[in-house]
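Note sheet for the following structure.
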Amino acid sequence: MANKISQLLTSLSLVLGLALVAPLAQAQVNPTQQSVNEGALLEALGSGGNVAGRISIPDPNAGYLIKPDNKLWAALQGDTLHQISIWAVIGMVALLALFYVIRGKIRVDGGLSGRKILRFNTVERFAHWTLASTFIILALSGLNLIIGKTVILPVIGEGAFGTLSAWGKIAHNYLAWPFMVALVLVLLLWIAHNIPNRVDLEWLKQGGGLVKKGVHPPAKKFNAGQKLIFWAVIAGGAALSYTGVMLLFPAEAGTPADWQFYQTIHALTAAVLSAIIIAHIYIGSVGMEGAFDAMGTGEVDENWAKEHHSLWVEEVKGAKAAEGRTQPAE
Amino acid sequence: MARMKFLCDADRCIECNACVTACKNEHEVPWGINRRRVVTINDGLPGERSVSMACMHCTDAPCAAVCPVSCFYTTDDGVVLHNKDTCIGCGYCAYACPFGAPQYPQTANFGTRGKMDKCTYCSGGPEPDMSQAEYVKYGSNRLAEGKLPLCAEMCSTKSLLAGDGDIIAEIYRERVITRGYGSGAWGWRTAYGETVTV
């Protein structure tokens, strides 16, 4: 009896075993048939998917075989970003031209006094002009990459344009570093003067005295408009620096999707900041009488200072008066 | 004029990497650059396939669309080539390429990107055909000699096909019908907006 049961069990297990093995054996008939298929694979991966695999060369990024969505950026970069950059610059220039026609040059209402007050010392001017000169070259060489092929290339030809752009690229790569140093310097020098406060609200409410003649809302060393430019430069400069460094070292930055993201942010920030800086250059030069001296010689006319930075003049004079009181004791 | 294309029949590729080696040797490709590479998908799993990939010479090539100096041009054969004298090595084409074809030698200090290098479909560059200047910059010009790209010509299993797109599509179609299966014309949908239907 026991023998029969064990026989039955053996045969049962044999049948079960065969049943388990059989499908496996069948599946191994033609392994080449169940191949990975491009169409099915792309569908399974969906949008943003990459067909990737193992590669025997040391660069792991070479393992990405096909990234179909990479092509989307071409339209954005080749078309949309061009339009935005061109219109940001042309739009701002047109706006300023219109402002100049309507308002004209903002004069010092009280006339020049001839007395000078030191507004920016040598270190401040050095930081400003390092930042300014590098930014202008960076902006122009960057703008060349956006509109150069439609504006400059047809005029000077492919060979000369290639050489020009190659120099522009070298300048862009290397001047980025002094730009970043100057950005930090400017931040450290002026952040204390650029904390927003109640005076700024009043300044903004009166339109900064930009629109109407004879209106001069009080301001400290920097008025609300200058504070806005300061923070735009700091924020925009930081964004440009970070994305720029990522684009300089793409291997550290990640995959093409990351590069495309950084490039888009870089181009958009550059377009907006360029427009802001064009306005800044305007008001610091042809737009306002006496304004350039602040960064030129560092000394401004007292009447200019009283009109545009009344609270700051009081601070400076107060400090001088306090100094004057202590001086004679020596 | 023929519209030149590449087609890798992944069901035949044995990942011998001879196409990679042949390309490097034929064109004296700079160190660190692989104009062609072989990627193995589902490695070690049932149905694993290897695909040899280089520049696919796309229709409406995205590299050309994003190039800030317009150094790309498409030949009458549909081959996408570029001018290394104009190229500034900005890297945009590499950002845009769906196949990872554009690569850069590290030529200058701090590892700065040099001029872009990619597969030329063995047809050189803008210099006069088969000139020394062309060879130094882009490698040999086999198309001008009346030959097809070396990677495909010497493929041991005839997995990699190069030539007129219609002809190689027909060869592939026949193969798929005969053997009853095929993993698809890898990259065709992305590069040419069409695939080989069987």
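To be explicit about the labels: the chains of the structure tokens are called A, B, and onward in the order shown, and within each one the residues are counted from 1, while ligands get numbers from 1 in the order they are shown.
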
Non-local contacts of segment 121-124 of chain B (6 Å; only C-alpha atoms; under 5 positions in same chain excluded) as a list in words: Tyr138, Asn141, Arg142, Leu143 and Pro149 of chain B

Okay, now the selection with C-alpha atoms, as a PDB file, in the first residue's frame?
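The new file selection-v9.pdb reads:
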```pdb
ATOM      1  CA  TYR B 138      36.751  65.475 -41.562  1.00  0.00           C
ATOM      2  CA  ASN B 141      35.617  61.162 -48.571  1.00  0.00           C
ATOM      3  CA  ARG B 142      34.503  57.727 -49.721  1.00  0.00           C
ATOM      4  CA  LEU B 143      31.342  59.012 -51.393  1.00  0.00           C
ATOM      5  CA  PRO B 149      30.392  54.496 -45.733  1.00  0.00           C
TER       6      PRO B 149
END
```

Would you kindly report the residues of chain B within 8 Å of chain A, using only C-alpha atoms, as a short mmCIF file (atom, residue, chain, number, x, y, z; two decimals) with N, CA and C atoms, in the first residue's frame?
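Below is the file out04.cif, written as the result:
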```cif
data_model
loop_
_atom_site.label_atom_id
_atom_site.label_comp_id
_atom_site.auth_asym_id
_atom_site.auth_seq_id
_atom_site.Cartn_x
_atom_site.Cartn_y
_atom_site.Cartn_z
N ASP B 11 18.38 42.86 -35.55
CA ASP B 11 18.26 41.40 -35.42
C ASP B 11 19.49 40.69 -35.99
N ARG B 37 28.78 54.28 -32.55
CA ARG B 37 28.87 53.49 -31.33
C ARG B 37 27.81 52.40 -31.38
N VAL B 38 27.98 51.36 -30.57
CA VAL B 38 27.00 50.28 -30.53
C VAL B 38 26.40 50.22 -29.13
N VAL B 39 25.08 50.36 -29.05
CA VAL B 39 24.37 50.33 -27.78
C VAL B 39 23.58 49.03 -27.70
N THR B 40 23.67 48.34 -26.56
CA THR B 40 22.94 47.10 -26.38
C THR B 40 21.74 47.35 -25.47
N ILE B 41 20.56 47.08 -26.00
CA ILE B 41 19.31 47.29 -25.25
C ILE B 41 18.87 45.97 -24.64
N ASN B 42 18.36 46.05 -23.42
CA ASN B 42 17.95 44.85 -22.66
C ASN B 42 19.11 43.88 -22.53
N ASP B 43 20.26 44.38 -22.19
CA ASP B 43 21.47 43.57 -22.10
C ASP B 43 21.31 42.42 -21.12
N PRO B 46 16.29 38.14 -22.29
CA PRO B 46 15.82 37.52 -23.53
C PRO B 46 15.43 38.61 -24.53
N GLY B 47 15.79 38.41 -25.77
CA GLY B 47 15.44 39.38 -26.79
C GLY B 47 16.32 40.61 -26.79
N GLU B 48 17.48 40.53 -26.20
CA GLU B 48 18.42 41.66 -26.21
C GLU B 48 18.80 42.00 -27.65
N ARG B 49 18.96 43.29 -27.91
CA ARG B 49 19.33 43.72 -29.26
C ARG B 49 20.42 44.78 -29.18
N MET B 53 24.82 53.04 -33.89
CA MET B 53 24.25 54.37 -34.12
C MET B 53 25.33 55.40 -34.38
N PRO B 62 17.79 69.02 -36.37
CA PRO B 62 17.70 69.99 -35.26
C PRO B 62 19.03 70.68 -34.97
N CYS B 63 20.15 69.99 -35.24
CA CYS B 63 21.47 70.61 -35.01
C CYS B 63 21.59 71.87 -35.86
N ALA B 65 19.18 73.67 -37.01
CA ALA B 65 18.21 74.69 -36.58
C ALA B 65 18.75 75.51 -35.42
N VAL B 66 19.51 74.88 -34.52
CA VAL B 66 19.96 75.61 -33.32
C VAL B 66 21.35 76.21 -33.48
N PRO B 68 24.18 78.54 -33.85
CA PRO B 68 24.16 80.01 -33.89
C PRO B 68 24.99 80.59 -35.02
N VAL B 69 25.86 79.79 -35.64
CA VAL B 69 26.69 80.34 -36.72
C VAL B 69 26.34 79.72 -38.07
N SER B 70 25.25 78.95 -38.13
CA SER B 70 24.79 78.33 -39.39
C SER B 70 25.91 77.57 -40.11
N ASP B 85 35.49 75.35 -39.95
CA ASP B 85 36.09 76.69 -39.87
C ASP B 85 35.11 77.69 -39.27
N THR B 86 33.82 77.42 -39.45
CA THR B 86 32.80 78.33 -38.92
C THR B 86 32.38 77.93 -37.51
N CYS B 87 32.40 76.63 -37.24
CA CYS B 87 31.97 76.10 -35.93
C CYS B 87 32.75 76.77 -34.80
N ILE B 88 32.03 77.12 -33.72
CA ILE B 88 32.69 77.75 -32.57
C ILE B 88 32.69 76.83 -31.35
N CYS B 90 30.15 75.69 -29.53
CA CYS B 90 29.29 76.17 -28.44
C CYS B 90 28.55 75.03 -27.75
N ALA B 94 24.87 69.55 -29.83
CA ALA B 94 24.86 68.37 -28.96
C ALA B 94 23.64 68.38 -28.04
N TYR B 95 23.21 69.60 -27.64
CA TYR B 95 22.01 69.70 -26.80
C TYR B 95 20.78 69.24 -27.59
N ALA B 96 20.78 69.53 -28.89
CA ALA B 96 19.58 69.32 -29.70
C ALA B 96 19.51 67.94 -30.34
N CYS B 97 20.65 67.29 -30.52
CA CYS B 97 20.67 66.04 -31.28
C CYS B 97 19.99 64.90 -30.51
N PRO B 98 19.04 64.19 -31.14
CA PRO B 98 18.38 63.08 -30.46
C PRO B 98 19.24 61.81 -30.42
N PHE B 99 20.36 61.81 -31.14
CA PHE B 99 21.17 60.59 -31.25
C PHE B 99 22.56 60.73 -30.60
N GLY B 100 22.83 61.87 -29.99
CA GLY B 100 24.14 62.05 -29.34
C GLY B 100 25.29 62.04 -30.33
N TYR B 181 10.16 38.39 -38.56
CA TYR B 181 10.19 39.34 -37.45
C TYR B 181 11.27 40.41 -37.71
N GLY B 182 11.13 41.51 -36.99
CA GLY B 182 12.11 42.60 -37.11
C GLY B 182 11.86 43.61 -36.00
N SER B 183 12.93 44.16 -35.45
CA SER B 183 12.75 45.06 -34.31
C SER B 183 12.59 46.51 -34.74
N GLY B 184 12.51 46.73 -36.04
CA GLY B 184 12.24 48.10 -36.49
C GLY B 184 13.48 48.81 -37.00
N ALA B 185 13.24 49.86 -37.78
CA ALA B 185 14.34 50.68 -38.30
C ALA B 185 14.68 51.72 -37.24
N TRP B 186 15.66 51.40 -36.40
CA TRP B 186 15.97 52.21 -35.23
C TRP B 186 16.32 53.64 -35.60
N GLY B 187 15.58 54.59 -35.01
CA GLY B 187 15.89 56.00 -35.21
C GLY B 187 15.20 56.64 -36.40
N THR B 190 12.39 59.15 -35.60
CA THR B 190 12.90 60.41 -35.03
C THR B 190 13.67 61.22 -36.08
#
```

Residues of segment 6-182 of chain B in strand (DSSP E or B), written as a PyMOL selection string: chain B and resi 6-8+37-41+49-53+72-74+80-82+103+106+113+117+123+141+160-164

Separation of atom CA of Gly157 of chain A from atom CA of Thr75 of chain B, in Å and rounded to one decimal: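 One can read the atom CA of Gly157 of chain A to atom CA of Thr75 of chain B distance as 20.0 Å.
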
Long-range neighbours of Pro105 of chain B as a ChimeraX atom specification, 10 Å cut-off, only C-alpha atoms, 6 positions minimum in chain: /B:29-33,89,111-117

Excluding same-chain residues fewer than 6 positions from segment 201-209 of chain A, what lies within 12 Å of it counting only C-alpha atoms, as a PDB file with N, CA and C atoms, in the first residue's frame?
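Just written: around.pdb:
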```pdb
ATOM      1  N   ARG A 103       9.653 113.402 -22.510  1.00  0.00           N
ATOM      2  CA  ARG A 103      10.134 114.008 -21.262  1.00  0.00           C
ATOM      3  C   ARG A 103      11.418 114.800 -21.479  1.00  0.00           C
ATOM      4  N   ILE A 106      16.373 114.845 -18.247  1.00  0.00           N
ATOM      5  CA  ILE A 106      15.980 115.320 -16.918  1.00  0.00           C
ATOM      6  C   ILE A 106      17.095 116.222 -16.391  1.00  0.00           C
ATOM      7  N   ARG A 107      16.766 117.511 -16.281  1.00  0.00           N
ATOM      8  CA  ARG A 107      17.772 118.494 -15.861  1.00  0.00           C
ATOM      9  C   ARG A 107      17.789 118.639 -14.345  1.00  0.00           C
ATOM     10  N   ASP A 109      16.955 120.859 -11.623  1.00  0.00           N
ATOM     11  CA  ASP A 109      16.044 122.003 -11.592  1.00  0.00           C
ATOM     12  C   ASP A 109      16.705 123.249 -11.006  1.00  0.00           C
ATOM     13  N   VAL A 215       9.173 117.288  -9.686  1.00  0.00           N
ATOM     14  CA  VAL A 215       8.793 116.377  -8.606  1.00  0.00           C
ATOM     15  C   VAL A 215      10.027 115.576  -8.187  1.00  0.00           C
ATOM     16  N   HIS A 216      10.380 115.647  -6.913  1.00  0.00           N
ATOM     17  CA  HIS A 216      11.568 114.923  -6.439  1.00  0.00           C
ATOM     18  C   HIS A 216      11.279 114.229  -5.122  1.00  0.00           C
ATOM     19  N   PRO A 217      10.746 113.011  -5.169  1.00  0.00           N
ATOM     20  CA  PRO A 217      10.493 112.288  -3.917  1.00  0.00           C
ATOM     21  C   PRO A 217      11.812 111.999  -3.194  1.00  0.00           C
ATOM     22  N   PRO A 218      11.780 112.048  -1.847  1.00  0.00           N
ATOM     23  CA  PRO A 218      13.024 111.827  -1.106  1.00  0.00           C
ATOM     24  C   PRO A 218      13.561 110.411  -1.279  1.00  0.00           C
ATOM     25  N   ALA A 219      14.890 110.288  -1.193  1.00  0.00           N
ATOM     26  CA  ALA A 219      15.524 108.974  -1.277  1.00  0.00           C
ATOM     27  C   ALA A 219      16.845 108.999  -0.545  1.00  0.00           C
ATOM     28  N   LYS A 220      17.236 107.802  -0.081  1.00  0.00           N
ATOM     29  CA  LYS A 220      18.559 107.680   0.556  1.00  0.00           C
ATOM     30  C   LYS A 220      19.598 107.486  -0.544  1.00  0.00           C
ATOM     31  N   PHE A 222      20.280 105.016  -2.402  1.00  0.00           N
ATOM     32  CA  PHE A 222      19.653 104.457  -3.602  1.00  0.00           C
ATOM     33  C   PHE A 222      18.145 104.633  -3.510  1.00  0.00           C
ATOM     34  N   ASN A 223      17.537 105.102  -4.591  1.00  0.00           N
ATOM     35  CA  ASN A 223      16.086 105.197  -4.604  1.00  0.00           C
ATOM     36  C   ASN A 223      15.465 103.862  -5.019  1.00  0.00           C
ATOM     37  N   ALA A 224      14.137 103.790  -4.996  1.00  0.00           N
ATOM     38  CA  ALA A 224      13.466 102.511  -5.247  1.00  0.00           C
ATOM     39  C   ALA A 224      13.800 101.958  -6.632  1.00  0.00           C
ATOM     40  N   GLY A 225      13.919 102.860  -7.620  1.00  0.00           N
ATOM     41  CA  GLY A 225      14.258 102.420  -8.969  1.00  0.00           C
ATOM     42  C   GLY A 225      15.629 101.776  -9.013  1.00  0.00           C
ATOM     43  N   GLN A 226      16.576 102.407  -8.321  1.00  0.00           N
ATOM     44  CA  GLN A 226      17.928 101.848  -8.284  1.00  0.00           C
ATOM     45  C   GLN A 226      17.961 100.531  -7.532  1.00  0.00           C
ATOM     46  N   LYS A 227      17.118 100.447  -6.478  1.00  0.00           N
ATOM     47  CA  LYS A 227      17.048  99.191  -5.723  1.00  0.00           C
ATOM     48  C   LYS A 227      16.511  98.073  -6.618  1.00  0.00           C
ATOM     49  N   LEU A 228      15.515  98.431  -7.436  1.00  0.00           N
ATOM     50  CA  LEU A 228      14.964  97.427  -8.346  1.00  0.00           C
ATOM     51  C   LEU A 228      16.041  96.946  -9.320  1.00  0.00           C
ATOM     52  N   MET A 288      19.732 111.804 -17.961  1.00  0.00           N
ATOM     53  CA  MET A 288      19.667 112.686 -16.796  1.00  0.00           C
ATOM     54  C   MET A 288      20.951 113.491 -16.641  1.00  0.00           C
ATOM     55  N   GLU A 307      18.326 116.962  -5.072  1.00  0.00           N
ATOM     56  CA  GLU A 307      17.066 116.674  -5.761  1.00  0.00           C
ATOM     57  C   GLU A 307      16.754 115.186  -5.827  1.00  0.00           C
ATOM     58  N   HIS A 308      17.781 114.387  -6.043  1.00  0.00           N
ATOM     59  CA  HIS A 308      17.524 112.960  -6.297  1.00  0.00           C
ATOM     60  C   HIS A 308      17.757 112.055  -5.084  1.00  0.00           C
ATOM     61  N   HIS A 309      18.593 112.511  -4.147  1.00  0.00           N
ATOM     62  CA  HIS A 309      18.891 111.672  -2.980  1.00  0.00           C
ATOM     63  C   HIS A 309      18.968 112.546  -1.736  1.00  0.00           C
ATOM     64  N   SER A 310      17.821 113.247  -1.455  1.00  0.00           N
ATOM     65  CA  SER A 310      17.813 114.248  -0.392  1.00  0.00           C
ATOM     66  C   SER A 310      18.209 113.675   0.972  1.00  0.00           C
TER      67      SER A 310
END
```

Residues within 8 Å of Cys67 of chain B, only C-alpha atoms, excluding chain neighbours under 5 positions, as a VMD selection string: chain B and resid 72 92 to 93
